[in-house]
$ cat data_4.cif   # mmCIF, C-alpha atoms and all ligand atoms
data_entry
#
loop_
_atom_site.label_atom_id
_atom_site.label_comp_id
_atom_site.auth_asym_id
_atom_site.auth_seq_id
_atom_site.Cartn_x
_atom_site.Cartn_y
_atom_site.Cartn_z
CA MET W 1 -21.71 7.38 -0.73
CA SER W 2 -19.12 10.15 -0.73
CA HIS W 3 -19.19 12.56 2.15
CA PHE W 4 -17.32 15.15 0.07
CA SER W 5 -19.76 16.76 -2.35
CA TYR W 6 -20.65 20.09 -3.94
CA ARG W 7 -23.42 22.22 -2.50
CA ASP W 8 -24.24 25.49 -4.26
CA GLY W 9 -20.99 25.14 -6.17
CA VAL W 10 -18.81 24.73 -3.06
CA LEU W 11 -17.12 21.47 -2.08
CA CYS W 12 -18.20 20.38 1.40
CA ALA W 13 -17.04 17.79 3.90
CA GLU W 14 -20.36 16.45 5.20
CA ASN W 15 -22.26 19.73 5.87
CA MET W 16 -19.20 21.96 6.21
CA PRO W 17 -18.03 24.03 3.23
CA LEU W 18 -14.27 23.60 2.83
CA THR W 19 -14.09 27.39 2.37
CA ALA W 20 -15.24 27.78 5.99
CA ILE W 21 -12.67 25.25 7.17
CA ALA W 22 -9.89 27.11 5.36
CA SER W 23 -10.99 30.41 6.95
CA GLN W 24 -11.08 28.90 10.42
CA PHE W 25 -8.00 26.65 10.37
CA GLY W 26 -5.89 27.88 7.45
CA THR W 27 -4.19 25.76 4.79
CA PRO W 28 -2.73 23.27 4.09
CA ALA W 29 -5.21 21.21 6.12
CA TYR W 30 -6.13 17.56 6.21
CA VAL W 31 -9.90 17.33 6.52
CA TYR W 32 -11.60 14.06 7.44
CA SER W 33 -15.26 13.05 7.42
CA ARG W 34 -16.30 11.22 10.57
CA LYS W 35 -19.22 9.59 8.79
CA ALA W 36 -16.98 8.28 6.02
CA LEU W 37 -14.56 6.81 8.58
CA VAL W 38 -17.34 5.01 10.41
CA GLU W 39 -18.96 3.76 7.20
CA ASN W 40 -15.68 2.46 5.79
CA PHE W 41 -14.81 0.69 9.02
CA SER W 42 -18.31 -0.72 9.33
CA ALA W 43 -18.04 -2.33 5.91
CA TYR W 44 -15.57 -4.71 7.59
CA ALA W 45 -16.99 -4.76 11.11
CA ASP W 46 -20.61 -5.45 10.10
CA MET W 47 -19.55 -8.48 8.09
CA CYS W 48 -17.62 -9.78 11.10
CA LYS W 49 -20.57 -9.49 13.50
CA GLY W 50 -21.66 -12.81 14.95
CA ARG W 51 -18.43 -14.44 13.82
CA ASP W 52 -15.13 -15.14 15.49
CA ALA W 53 -13.44 -12.33 13.57
CA LEU W 54 -11.56 -9.12 14.34
CA VAL W 55 -10.72 -6.03 12.32
CA CYS W 56 -7.30 -4.65 13.25
CA TYR W 57 -7.06 -1.28 11.54
CA ALA W 58 -3.57 -0.80 10.03
CA MET W 59 -2.81 2.47 11.74
CA LYS W 60 0.19 3.30 9.57
CA ALA W 61 -2.41 4.59 7.10
CA ASN W 62 -3.46 7.32 9.51
CA SER W 63 -2.68 7.31 13.21
CA ASN W 64 -4.26 10.53 14.49
CA LEU W 65 -5.56 9.91 18.03
CA ALA W 66 -9.06 11.11 17.18
CA ILE W 67 -9.32 8.60 14.34
CA LEU W 68 -7.95 5.76 16.48
CA ASN W 69 -10.36 6.68 19.27
CA LEU W 70 -13.32 6.71 16.88
CA LEU W 71 -12.42 3.31 15.43
CA ALA W 72 -11.70 1.84 18.87
CA LYS W 73 -15.19 2.91 19.95
CA HIS W 74 -16.52 0.96 16.98
CA GLY W 75 -14.68 -2.14 18.13
CA ALA W 76 -11.43 -1.88 16.18
CA GLY W 77 -8.26 -3.63 17.13
CA PHE W 78 -5.05 -2.29 15.61
CA ASP W 79 -2.22 -3.51 13.44
CA LEU W 80 0.88 -1.63 14.53
CA VAL W 81 4.48 -1.57 13.39
CA SER W 82 6.35 0.26 16.15
CA GLY W 83 6.41 0.87 19.87
CA GLY W 84 5.35 4.43 19.09
CA GLU W 85 2.20 3.18 17.41
CA LEU W 86 1.37 1.05 20.47
CA LEU W 87 1.70 4.13 22.71
CA ARG W 88 -0.62 5.96 20.32
CA VAL W 89 -3.25 3.22 20.63
CA ILE W 90 -3.07 3.46 24.41
CA ALA W 91 -3.22 7.28 24.35
CA ALA W 92 -6.28 7.03 22.10
CA GLY W 93 -8.10 4.67 24.46
CA GLY W 94 -7.63 1.58 22.29
CA ASP W 95 -7.16 -1.90 23.72
CA PRO W 96 -3.62 -3.34 23.49
CA LYS W 97 -5.14 -6.80 23.84
CA LYS W 98 -6.63 -6.29 20.38
CA CYS W 99 -3.29 -5.27 18.85
CA LEU W 100 -1.07 -7.11 16.41
CA PHE W 101 2.57 -6.11 16.09
CA SER W 102 3.81 -6.41 12.48
CA GLY W 103 7.10 -5.50 10.83
CA VAL W 104 10.48 -7.01 9.96
CA GLY W 105 12.65 -5.08 12.40
CA LYS W 106 11.18 -5.07 15.91
CA SER W 107 13.71 -3.93 18.50
CA ARG W 108 14.15 -5.49 21.96
CA ASP W 109 12.62 -2.42 23.59
CA GLU W 110 9.61 -2.57 21.32
CA MET W 111 9.13 -6.26 22.09
CA ALA W 112 9.37 -5.63 25.82
CA LEU W 113 6.88 -2.75 25.62
CA ALA W 114 4.39 -4.86 23.67
CA LEU W 115 4.81 -7.82 26.05
CA SER W 116 4.24 -5.59 29.05
CA HIS W 117 0.91 -4.51 27.54
CA ASP W 118 -0.15 -8.09 26.72
CA ILE W 119 -0.83 -7.48 23.04
CA LEU W 120 -2.86 -10.03 21.11
CA CYS W 121 -0.05 -11.27 18.89
CA PHE W 122 3.39 -10.66 17.38
CA ASN W 123 3.40 -11.16 13.62
CA VAL W 124 6.90 -12.58 13.33
CA GLU W 125 8.79 -12.41 10.05
CA SER W 126 12.03 -14.36 10.55
CA ILE W 127 13.85 -16.98 12.65
CA PRO W 128 16.26 -14.45 14.23
CA GLU W 129 13.21 -12.44 15.30
CA LEU W 130 11.69 -15.57 16.89
CA HIS W 131 14.86 -16.16 18.91
CA ARG W 132 15.04 -12.57 20.07
CA LEU W 133 11.38 -12.53 21.06
CA ASN W 134 11.80 -15.81 22.93
CA GLN W 135 14.71 -14.32 24.85
CA VAL W 136 13.01 -11.01 25.67
CA ALA W 137 9.84 -12.81 26.79
CA GLY W 138 11.92 -15.17 28.95
CA GLU W 139 13.68 -12.24 30.64
CA LEU W 140 10.30 -10.73 31.50
CA GLY W 141 8.82 -14.02 32.66
CA LYS W 142 6.28 -13.91 29.83
CA THR W 143 5.19 -16.05 26.91
CA ALA W 144 4.89 -14.26 23.59
CA PRO W 145 1.84 -15.05 21.44
CA VAL W 146 3.10 -15.51 17.89
CA SER W 147 1.82 -15.72 14.36
CA LEU W 148 4.22 -16.27 11.47
CA ARG W 149 3.91 -13.99 8.50
CA VAL W 150 4.05 -16.39 5.63
CA ASN W 151 4.85 -15.19 2.18
CA PRO W 152 2.46 -17.04 -0.11
CA ASN W 153 4.30 -15.93 -3.26
CA VAL W 154 1.17 -14.57 -4.85
CA ASP W 155 1.29 -11.74 -7.37
CA ALA W 156 -0.85 -8.94 -5.96
CA LYS W 157 -0.72 -7.06 -9.28
CA THR W 158 -0.08 -3.67 -7.72
CA HIS W 159 2.69 -1.04 -7.71
CA PRO W 160 6.09 -2.73 -7.09
CA TYR W 161 6.72 -0.50 -4.05
CA ILE W 162 3.56 -1.74 -2.36
CA ALA W 163 3.57 -5.41 -3.44
CA THR W 164 4.85 -7.48 -0.56
CA GLY W 165 3.90 -11.12 -1.12
CA LEU W 166 6.49 -12.12 -3.73
CA LYS W 167 9.67 -14.11 -3.09
CA ALA W 168 11.81 -11.08 -3.90
CA ASN W 169 10.32 -9.00 -1.06
CA LYS W 170 11.92 -8.51 2.34
CA PHE W 171 8.71 -9.52 4.09
CA GLY W 172 7.57 -12.76 5.66
CA VAL W 173 8.83 -16.32 5.86
CA ALA W 174 9.01 -18.08 2.47
CA PHE W 175 6.11 -20.47 1.97
CA ASP W 176 8.49 -23.39 1.51
CA ASP W 177 10.24 -22.64 4.82
CA ALA W 178 7.05 -22.14 6.79
CA LEU W 179 6.71 -25.69 8.16
CA ALA W 180 10.28 -25.76 9.46
CA THR W 181 9.91 -22.29 10.95
CA TYR W 182 6.72 -23.31 12.75
CA ARG W 183 8.52 -26.36 14.14
CA THR W 184 11.33 -24.13 15.42
CA ALA W 185 8.84 -21.71 16.94
CA SER W 186 6.85 -24.42 18.67
CA GLN W 187 9.98 -25.64 20.43
CA LEU W 188 10.90 -22.28 21.95
CA PRO W 189 9.88 -22.16 25.62
CA HIS W 190 8.67 -18.55 25.73
CA ILE W 191 6.84 -18.58 22.42
CA ASN W 192 3.22 -19.61 22.07
CA VAL W 193 2.38 -20.25 18.43
CA ILE W 194 -1.21 -19.15 17.88
CA GLY W 195 -1.69 -18.00 14.32
CA ILE W 196 -0.67 -17.39 10.75
CA ASP W 197 -0.71 -14.16 8.78
CA CYS W 198 0.13 -12.72 5.41
CA HIS W 199 -0.06 -9.37 3.67
CA ILE W 200 0.50 -9.58 -0.05
CA GLY W 201 0.32 -5.91 -0.95
CA SER W 202 -1.66 -2.72 -0.91
CA GLN W 203 -4.16 -1.01 -3.26
CA LEU W 204 -5.45 -4.33 -4.62
CA LEU W 205 -8.43 -3.83 -6.89
CA ASP W 206 -9.28 -7.50 -7.29
CA ASP W 207 -9.63 -9.98 -4.44
CA ALA W 208 -8.53 -13.02 -6.48
CA PRO W 209 -4.90 -12.81 -5.25
CA LEU W 210 -6.13 -12.49 -1.64
CA LEU W 211 -8.35 -15.56 -2.02
CA GLU W 212 -5.43 -17.41 -3.59
CA ALA W 213 -3.32 -16.49 -0.56
CA LEU W 214 -6.17 -17.63 1.72
CA ASP W 215 -6.20 -21.05 0.04
CA LYS W 216 -2.46 -21.40 0.53
CA LEU W 217 -2.71 -20.50 4.22
CA ILE W 218 -5.57 -22.95 4.72
CA GLU W 219 -3.49 -25.69 3.13
CA LEU W 220 -0.63 -24.87 5.47
CA ILE W 221 -2.87 -24.80 8.56
CA ASP W 222 -4.11 -28.31 7.69
CA THR W 223 -0.56 -29.60 7.20
CA LEU W 224 0.54 -28.06 10.50
CA ALA W 225 -2.44 -29.60 12.31
CA GLN W 226 -1.41 -33.03 11.06
CA GLN W 227 1.95 -32.40 12.70
CA GLY W 228 0.36 -31.39 15.99
CA ILE W 229 0.73 -27.63 15.58
CA VAL W 230 -2.80 -26.25 15.91
CA LEU W 231 -3.36 -22.61 14.97
CA HIS W 232 -6.15 -20.44 16.38
CA HIS W 233 -6.23 -17.53 14.01
CA LEU W 234 -5.75 -16.69 10.38
CA ASP W 235 -4.92 -13.10 9.48
CA LEU W 236 -5.27 -12.04 5.85
CA GLY W 237 -3.57 -8.65 6.17
CA GLY W 238 -4.86 -5.50 4.52
CA GLY W 239 -4.94 -4.57 0.93
CA ILE W 240 -8.32 -3.68 -0.59
CA GLY W 241 -7.78 -0.62 -2.73
CA ILE W 242 -9.76 2.58 -3.20
CA THR W 243 -10.80 4.80 -6.10
CA TYR W 244 -8.32 7.57 -6.80
CA ASP W 245 -9.20 8.08 -10.48
CA ASP W 246 -11.40 5.53 -12.23
CA GLU W 247 -10.30 2.35 -10.44
CA LYS W 248 -13.12 -0.01 -9.54
CA PRO W 249 -11.99 -1.94 -6.47
CA VAL W 250 -13.91 -4.98 -5.30
CA ALA W 251 -16.46 -4.04 -2.63
CA VAL W 252 -15.17 -4.80 0.86
CA ARG W 253 -18.40 -6.62 1.71
CA ASP W 254 -18.08 -8.88 -1.35
CA TYR W 255 -14.48 -9.70 -0.47
CA LEU W 256 -15.36 -10.62 3.12
CA GLU W 257 -18.35 -12.63 1.97
CA ARG W 258 -16.08 -14.70 -0.26
CA VAL W 259 -13.54 -15.14 2.54
CA PHE W 260 -16.16 -16.35 5.01
CA ALA W 261 -17.76 -18.64 2.41
CA ARG W 262 -14.35 -20.24 1.87
CA ILE W 263 -13.73 -20.49 5.62
CA ASP W 264 -17.15 -22.06 6.29
CA GLN W 265 -16.61 -24.60 3.54
CA TRP W 266 -13.19 -25.48 4.97
CA ARG W 267 -14.46 -25.61 8.56
CA SER W 268 -17.07 -28.16 7.59
CA THR W 269 -14.29 -30.49 6.45
CA ARG W 270 -11.66 -29.63 9.06
CA HIS W 271 -11.07 -32.72 11.15
CA ASP W 272 -9.42 -31.31 14.27
CA GLY W 273 -12.52 -29.20 14.96
CA ALA W 274 -10.44 -26.39 16.45
CA PRO W 275 -12.10 -22.97 16.14
CA ILE W 276 -10.30 -20.35 14.12
CA LYS W 277 -10.52 -16.58 14.37
CA ILE W 278 -10.30 -14.57 11.15
CA ILE W 279 -8.43 -11.26 11.27
CA PHE W 280 -8.26 -8.43 8.73
CA GLU W 281 -5.78 -5.52 8.77
CA PRO W 282 -7.27 -2.87 6.47
CA GLY W 283 -5.71 0.57 6.32
CA ARG W 284 -6.24 2.48 3.09
CA SER W 285 -9.84 1.34 2.57
CA VAL W 286 -10.82 2.64 6.01
CA VAL W 287 -9.34 6.14 5.82
CA GLY W 288 -8.32 6.83 2.20
CA ASN W 289 -11.56 8.23 0.85
CA ALA W 290 -12.45 9.75 4.21
CA GLY W 291 -9.95 12.59 3.89
CA VAL W 292 -8.84 15.40 1.59
CA LEU W 293 -5.84 17.70 1.67
CA LEU W 294 -7.10 21.26 1.45
CA THR W 295 -4.63 23.70 -0.09
CA LYS W 296 -4.54 27.27 -1.37
CA VAL W 297 -3.24 28.50 -4.72
CA GLU W 298 -0.28 30.80 -4.09
CA TYR W 299 0.63 31.60 -7.69
CA ILE W 300 -0.35 30.83 -11.23
CA LYS W 301 2.84 30.59 -13.27
CA PRO W 302 2.43 30.18 -17.03
CA GLY W 303 5.41 28.53 -18.73
CA ALA W 304 6.72 27.77 -22.20
CA GLU W 305 5.98 24.06 -21.98
CA LYS W 306 3.87 23.80 -18.87
CA ASN W 307 1.63 25.93 -16.74
CA PHE W 308 2.18 25.65 -13.03
CA CYS W 309 -0.39 26.03 -10.32
CA ILE W 310 1.77 26.59 -7.22
CA VAL W 311 -0.08 25.68 -4.04
CA ASP W 312 0.80 25.89 -0.34
CA ALA W 313 0.81 22.09 0.15
CA ALA W 314 3.87 20.16 -0.98
CA MET W 315 5.54 16.78 -1.19
CA ASN W 316 6.34 17.03 2.51
CA ASP W 317 2.59 17.08 3.22
CA LEU W 318 1.65 14.41 0.70
CA MET W 319 4.48 12.20 -0.45
CA ARG W 320 2.56 9.70 -2.59
CA PRO W 321 2.93 11.48 -5.98
CA ALA W 322 6.68 12.12 -5.53
CA MET W 323 7.33 8.67 -4.12
CA TYR W 324 5.13 6.39 -6.23
CA GLN W 325 4.08 8.68 -9.08
CA ALA W 326 0.65 8.20 -7.53
CA TRP W 327 -2.32 9.85 -9.21
CA MET W 328 -4.36 11.94 -6.80
CA GLY W 329 -7.59 13.72 -7.78
CA VAL W 330 -7.65 17.53 -7.64
CA GLN W 331 -10.92 19.40 -7.18
CA GLU W 332 -11.65 23.12 -7.25
CA VAL W 333 -13.32 23.94 -3.95
CA ARG W 334 -15.43 26.67 -5.57
CA LYS W 335 -16.45 25.97 -9.15
CA ARG W 336 -15.73 28.84 -11.57
CA ASN W 337 -17.34 29.35 -14.95
CA ASP W 338 -14.00 30.31 -16.58
CA ALA W 339 -12.36 28.08 -19.17
CA ALA W 340 -10.08 25.43 -17.69
CA VAL W 341 -6.33 25.46 -18.36
CA THR W 342 -3.93 22.51 -18.11
CA TYR W 343 -1.68 22.78 -15.06
CA ASP W 344 0.88 20.86 -13.07
CA VAL W 345 -0.08 21.34 -9.44
CA VAL W 346 3.18 21.79 -7.54
CA GLY W 347 4.34 22.81 -4.08
CA PRO W 348 6.88 25.37 -2.85
CA ILE W 349 9.67 22.85 -2.11
CA CYS W 350 12.99 23.17 -3.90
CA GLU W 351 12.81 19.88 -5.81
CA SER W 352 11.48 19.13 -9.28
CA GLY W 353 9.92 16.05 -7.70
CA ASP W 354 7.68 18.31 -5.63
CA TRP W 355 4.45 17.89 -7.54
CA LEU W 356 1.02 16.77 -6.43
CA ALA W 357 -0.69 16.32 -9.80
CA ARG W 358 0.25 16.68 -13.46
CA ASP W 359 -1.62 17.85 -16.53
CA ARG W 360 -4.90 18.68 -14.86
CA GLN W 361 -7.64 20.81 -16.32
CA LEU W 362 -8.45 23.47 -13.74
CA ALA W 363 -10.21 26.81 -13.67
CA VAL W 364 -8.33 28.58 -10.89
CA VAL W 365 -6.88 31.93 -9.89
CA GLN W 366 -4.54 33.00 -7.12
CA ASP W 367 -5.93 32.42 -3.59
CA ASP W 368 -8.46 29.83 -4.74
CA LEU W 369 -8.73 26.62 -2.76
CA LEU W 370 -8.12 23.12 -4.11
CA ALA W 371 -8.84 19.77 -2.49
CA ILE W 372 -6.54 16.83 -3.14
CA ALA W 373 -8.97 13.93 -2.98
CA SER W 374 -8.63 10.53 -1.28
CA ALA W 375 -5.73 11.75 0.80
CA GLY W 376 -6.82 10.28 4.14
CA ALA W 377 -4.49 7.28 3.92
CA TYR W 378 -0.70 7.50 3.84
CA GLY W 379 -0.97 11.29 3.71
CA MET W 380 -0.34 12.78 7.13
CA THR W 381 1.45 9.68 8.42
CA MET W 382 4.08 10.00 5.69
CA ALA W 383 4.45 13.77 6.00
CA SER W 384 7.84 15.25 6.85
CA ASN W 385 9.30 18.59 7.83
CA TYR W 386 11.48 18.98 4.74
CA ASN W 387 12.34 22.63 4.09
CA THR W 388 11.39 23.33 7.74
CA ARG W 389 7.75 23.19 6.86
CA GLY W 390 5.45 22.45 9.77
CA ARG W 391 3.06 19.61 9.17
CA ALA W 392 -0.51 20.50 8.27
CA VAL W 393 -3.36 21.03 10.67
CA GLU W 394 -5.88 18.15 10.88
CA VAL W 395 -9.62 18.65 11.19
CA MET W 396 -12.43 16.14 11.65
CA VAL W 397 -15.86 17.14 10.39
CA ASP W 398 -18.94 15.72 12.06
CA GLY W 399 -22.10 16.96 10.37
CA ASP W 400 -21.92 20.74 10.53
CA ARG W 401 -19.17 20.86 13.13
CA ALA W 402 -15.43 20.90 12.54
CA HIS W 403 -13.09 19.67 15.29
CA LEU W 404 -9.41 20.50 15.40
CA ILE W 405 -7.70 17.12 15.87
CA ARG W 406 -4.09 18.23 15.39
CA LYS W 407 -2.66 21.71 15.56
CA ARG W 408 -0.52 23.04 12.77
CA GLU W 409 3.17 22.64 13.59
CA GLU W 410 4.92 25.95 14.04
CA PRO W 411 8.57 26.51 13.01
CA GLY W 412 9.62 26.69 16.69
CA ASP W 413 8.20 23.18 17.22
CA LEU W 414 10.45 21.92 14.46
CA PHE W 415 13.78 22.91 16.02
CA ALA W 416 12.78 22.63 19.67
CA LEU W 417 14.68 19.33 20.05
CA GLU W 418 17.91 20.66 18.55
CA SER W 419 20.83 22.22 20.43
CA ILE W 420 24.00 24.11 19.63
CA PRO W 421 27.17 22.74 21.32
CA ALA W 422 28.71 25.27 23.74
N1 LIG V 1 -0.88 -5.03 7.16
C1 LIG V 1 0.44 -4.93 6.87
C2 LIG V 1 1.37 -5.90 7.46
C3 LIG V 1 0.89 -3.91 6.02
O1 LIG V 1 2.18 -3.83 5.74
C4 LIG V 1 -0.04 -2.98 5.48
C5 LIG V 1 0.41 -1.89 4.62
C6 LIG V 1 -1.40 -3.12 5.83
C7 LIG V 1 -1.77 -4.16 6.67
C8 LIG V 1 -2.45 -2.18 5.33
O2 LIG V 1 -2.62 -2.29 3.95
P1 LIG V 1 -3.77 -1.46 3.21
O3 LIG V 1 -5.11 -2.00 3.68
O4 LIG V 1 -3.61 -0.03 3.58
O5 LIG V 1 -3.54 -1.71 1.77
N2 LIG V 1 2.51 4.10 1.60
C9 LIG V 1 1.92 3.29 0.56
C10 LIG V 1 1.23 2.07 1.12
C11 LIG V 1 2.12 1.20 1.96
C12 LIG V 1 1.41 0.03 2.55
C13 LIG V 1 2.25 -0.66 3.55
N3 LIG V 1 1.63 -1.75 4.23
C14 LIG V 1 0.97 4.15 -0.26
O6 LIG V 1 0.84 5.34 0.04
O7 LIG V 1 0.40 3.69 -1.24
#
$ encode --input "data_4.cif" --output "structure tokens"
Amino acid sequence: MSHFSYRDGVLCAENMPLTAIASQFGTPAYVYSRKALVENFSAYADMCKGRDALVCYAMKANSNLAILNLLAKHGAGFDLVSGGELLRVIAAGGDPKKCLFSGVGKSRDEMALALSHDILCFNVESIPELHRLNQVAGELGKTAPVSLRVNPNVDAKTHPYIATGLKANKFGVAFDDALATYRTASQLPHINVIGIDCHIGSQLLDDAPLLEALDKLIELIDTLAQQGIVLHHLDLGGGIGITYDDEKPVAVRDYLERVFARIDQWRSTRHDGAPIKIIFEPGRSVVGNAGVLLTKVEYIKPGAEKNFCIVDAAMNDLMRPAMYQAWMGVQEVRKRNDAAVTYDVVGPICESGDWLARDRQLAVVQDDLLAIASAGAYGMTMASNYNTRGRAVEVMVDGDRAHLIRKREEPGDLFALESIPA
């Protein structure tokens, strides 16, 4: 069920009209539905209940403290990709012991920080990274828990920028090198090999590639066990997509059901009898449909070839269209009876690439509000300050209450760290 719906012709987040939010907080504004966040997370968490399984929310999708805090309260662990993200988890009241550290380029400082907080696991992506982690852990008198990110060479059938499981990608250890890499890892004194992980891509509509990856990981776990390397967890990464336009992604519950069915079948034949924890790292499917970007029409500019609807949000607020030619839904906040006109919805930034949507039928006039739909994931976290534009305010709606969860950045905030040499 969507928690963004029209009531008396006005688009609401839960019980709050977006018109009221714009009056109170201004625009552009990211607006999230608390209920939607909890429901989306629960689709994973409920299926994991009673099982040895953990949902580590991929916080790169949206790392606002209020969202992390809410998910932590519902039992979430976190998949993080920087020391900064770990500090966010801690600031939000999350548990570092439920955190995975992913990414191809972890620095020494980041490793040391994560070790000092006893995170659950490092998802390691290369042999040089293993050696560095072994050294840093040794210096600190620690042992680093490690999973290897294996690249199963499965075609995720998604946008090339967000497909990550193919041989040509920078991510993971090649499937054919995995055995040798595990052997190397298991010989390092400050490394404790505990798991295996993969992440084949994002915005996957079908779970077949994920189940194919699962089968490959299972096969590898069995081979490793025969060689005396026993793994304790299997992490399938993130990836289930959401509806932006008319996509029909597999239901999260159906995907998890198929994963657990496969795991149970395998467990019944696994000879070493070792228990195995299953981990998921969803990002987009938890927050994507739980947020909109609320923006105001500044000008209507008719043109010879195109009509432009110039709004106060821009590519710096929402990069996905400019970066991936991503299609984002645009909704009039207050429905008008006027005839719709075809517009490109664009921002004020001095780049032709600064567009949010193209060729949309809209009935709008100056000062109207629009909502860019499904903007909760990879919206605010990818925002920049290009053109010295402060990042948008963030608001979380809970029933008929709206909470400010991040203030709007003011221009002074943007140059506060800069200095002029004497
Ligand atoms: N785990 C790892 C290791 C990842 O790299 C990612 C996303 C996830 C989990 C979460 O995947 P999800 O459940 O969100 O599909 N900025 C792009 C998406 C980049 C995804 C990067 N990795 C976009 O706006 O479409």
$ residues_near_ligand --input "data_4.cif" --ligand "ligand LIG 1 (chain V)" --cutoff "7 Å" --atoms "all atoms listed in the file" --output "PyMOL selection string"
chain W and resi 58+61+79+102-103+162+199+201-203+237-241+281-285+320+377-378
$ closest_atom_pairs --input "data_4.cif" --of "stretch 209-289 of chain W" --to "stretch 137-157 of chain W" --cutoff "8 Å" --atoms "only C-alpha atoms" --output "Markdown table"
| residue | atom | partner | partner_atom | distance |
| --- | --- | --- | --- | --- |
| W:Pro209 | CA | W:Ala156 | CA | 5.6 |
| W:Leu210 | CA | W:Ala156 | CA | 7.7 |
| W:Glu212 | CA | W:Val154 | CA | 7.3 |
| W:Ala213 | CA | W:Pro152 | CA | 5.8 |
| W:Lys216 | CA | W:Pro152 | CA | 6.6 |
| W:Leu217 | CA | W:Pro152 | CA | 7.6 |
$ residues_around --input "data_4.cif" --residues "W:Glu305" --least-positions-apart "4" --cutoff "12 Å" --atoms "all atoms listed in the file" --output "PyMOL selection string"
chain W and resi 301+342-344+359
$ residues_around --input "data_4.cif" --residues "W:Ser352" --least-positions-apart "5" --cutoff "12 Å" --atoms "only C-alpha atoms" --output "list in words"
Phe308, Ala314, Met315, Pro321, Ala322, Asp344, Val345, Val346 and Gly347 of chain W
$ residues_around --input "data_4.cif" --residues "W:Cys121" --least-positions-apart "6" --cutoff "12 Å" --atoms "all atoms listed in the file" --output "PyMOL selection string"
chain W and resi 56+77-80+96-102+111+114-115+133+143-149+191-197+232-235+279
$ residues_near_point --input "data_4.cif" --point "(-13.2, -24.8, 16.1)" --cutoff "12 Å" --atoms "all atoms listed in the file" --output "ChimeraX atom specification"
/W:51-52,230-233,263-264,266-278
$ atom_distance --input "data_4.cif" --atom1 "atom CA of W:Leu356" --atom2 "atom CA of W:Val330"
8.8 Å
$ residues_near_point --input "data_4.cif" --point "(9.1, -16.4, 16.0)" --cutoff "9 Å" --atoms "only C-alpha atoms" --output "list in words"
Phe122, Asn123, Val124, Glu125, Ser126, Ile127, Pro128, Glu129, Leu130, His131, Arg132, Leu133, Asn134, Ala144, Val146, Ser147, Leu148, Thr181, Tyr182, Thr184, Ala185, Ser186, Leu188, Ile191 and Val193 of chain W
$ residues_around --input "data_4.cif" --residues "W:Asn69" --least-positions-apart "4" --cutoff "8 Å" --atoms "only C-alpha atoms" --output "PyMOL selection string"
chain W and resi 65+73+92-94
$ closest_residue --input "data_4.cif" --among "W:Ile420, W:Met380, W:Val292, W:Leu224" --to "W:Ala178" --atoms "all atoms listed in the file"
W:Leu224
$ atom_distance --input "data_4.cif" --atom1 "atom CA of W:Gly83" --atom2 "atom CA of W:Glu110"
4.9 Å
$ residues_around --input "data_4.cif" --residues "W:Leu369" --least-positions-apart "2" --cutoff "9 Å" --atoms "only C-alpha atoms" --output "list in words"
Leu18, Thr19, Ala22, Thr27, Leu294, Thr295, Lys296, Val297, Val311, Gln331, Glu332, Val333, Arg334, Val364, Gln366, Asp367 and Ala371 of chain W
$ write_last_selection --input "data_4.cif" --atoms "C-alpha atoms" --output "tab-separated table (two decimals), keeping the file's coordinate frame"
chain	number	residue	atom	x	y	z
W	18	LEU	CA	-14.27	23.60	2.83
W	19	THR	CA	-14.09	27.39	2.37
W	22	ALA	CA	-9.89	27.11	5.36
W	27	THR	CA	-4.19	25.76	4.79
W	294	LEU	CA	-7.10	21.26	1.45
W	295	THR	CA	-4.63	23.70	-0.09
W	296	LYS	CA	-4.54	27.27	-1.37
W	297	VAL	CA	-3.24	28.50	-4.72
W	311	VAL	CA	-0.08	25.68	-4.04
W	331	GLN	CA	-10.92	19.40	-7.18
W	332	GLU	CA	-11.65	23.12	-7.25
W	333	VAL	CA	-13.32	23.94	-3.95
W	334	ARG	CA	-15.43	26.67	-5.57
W	364	VAL	CA	-8.33	28.58	-10.89
W	366	GLN	CA	-4.54	33.00	-7.12
W	367	ASP	CA	-5.93	32.42	-3.59
W	371	ALA	CA	-8.84	19.77	-2.49
$ atom_distance --input "data_4.cif" --atom1 "atom CA of W:Arg7" --atom2 "atom CA of W:Lys335"
10.3 Å
$ closest_residue --input "data_4.cif" --among "W:Thr243, W:Val286, W:Gly105, W:Tyr32" --to "W:Leu71" --atoms "all atoms listed in the file"
W:Val286
$ build_atoms --input "data_4.cif" --residues "stretch 292-296 of chain W" --atoms "N, CA and C atoms" --output "PDB file, keeping the file's coordinate frame"
ATOM      1  N   VAL W 292      -9.417  14.621   2.692  1.00  0.00           N
ATOM      2  CA  VAL W 292      -8.840  15.400   1.590  1.00  0.00           C
ATOM      3  C   VAL W 292      -7.729  16.287   2.162  1.00  0.00           C
ATOM      4  N   LEU W 293      -6.844  16.698   1.284  1.00  0.00           N
ATOM      5  CA  LEU W 293      -5.840  17.700   1.670  1.00  0.00           C
ATOM      6  C   LEU W 293      -6.269  19.017   1.045  1.00  0.00           C
ATOM      7  N   LEU W 294      -6.602  19.959   1.900  1.00  0.00           N
ATOM      8  CA  LEU W 294      -7.100  21.260   1.450  1.00  0.00           C
ATOM      9  C   LEU W 294      -5.910  22.207   1.309  1.00  0.00           C
ATOM     10  N   THR W 295      -5.801  22.845   0.153  1.00  0.00           N
ATOM     11  CA  THR W 295      -4.630  23.700  -0.090  1.00  0.00           C
ATOM     12  C   THR W 295      -5.040  24.947  -0.856  1.00  0.00           C
ATOM     13  N   LYS W 296      -4.221  25.984  -0.735  1.00  0.00           N
ATOM     14  CA  LYS W 296      -4.540  27.270  -1.370  1.00  0.00           C
ATOM     15  C   LYS W 296      -3.584  27.543  -2.520  1.00  0.00           C
TER      16      LYS W 296
END
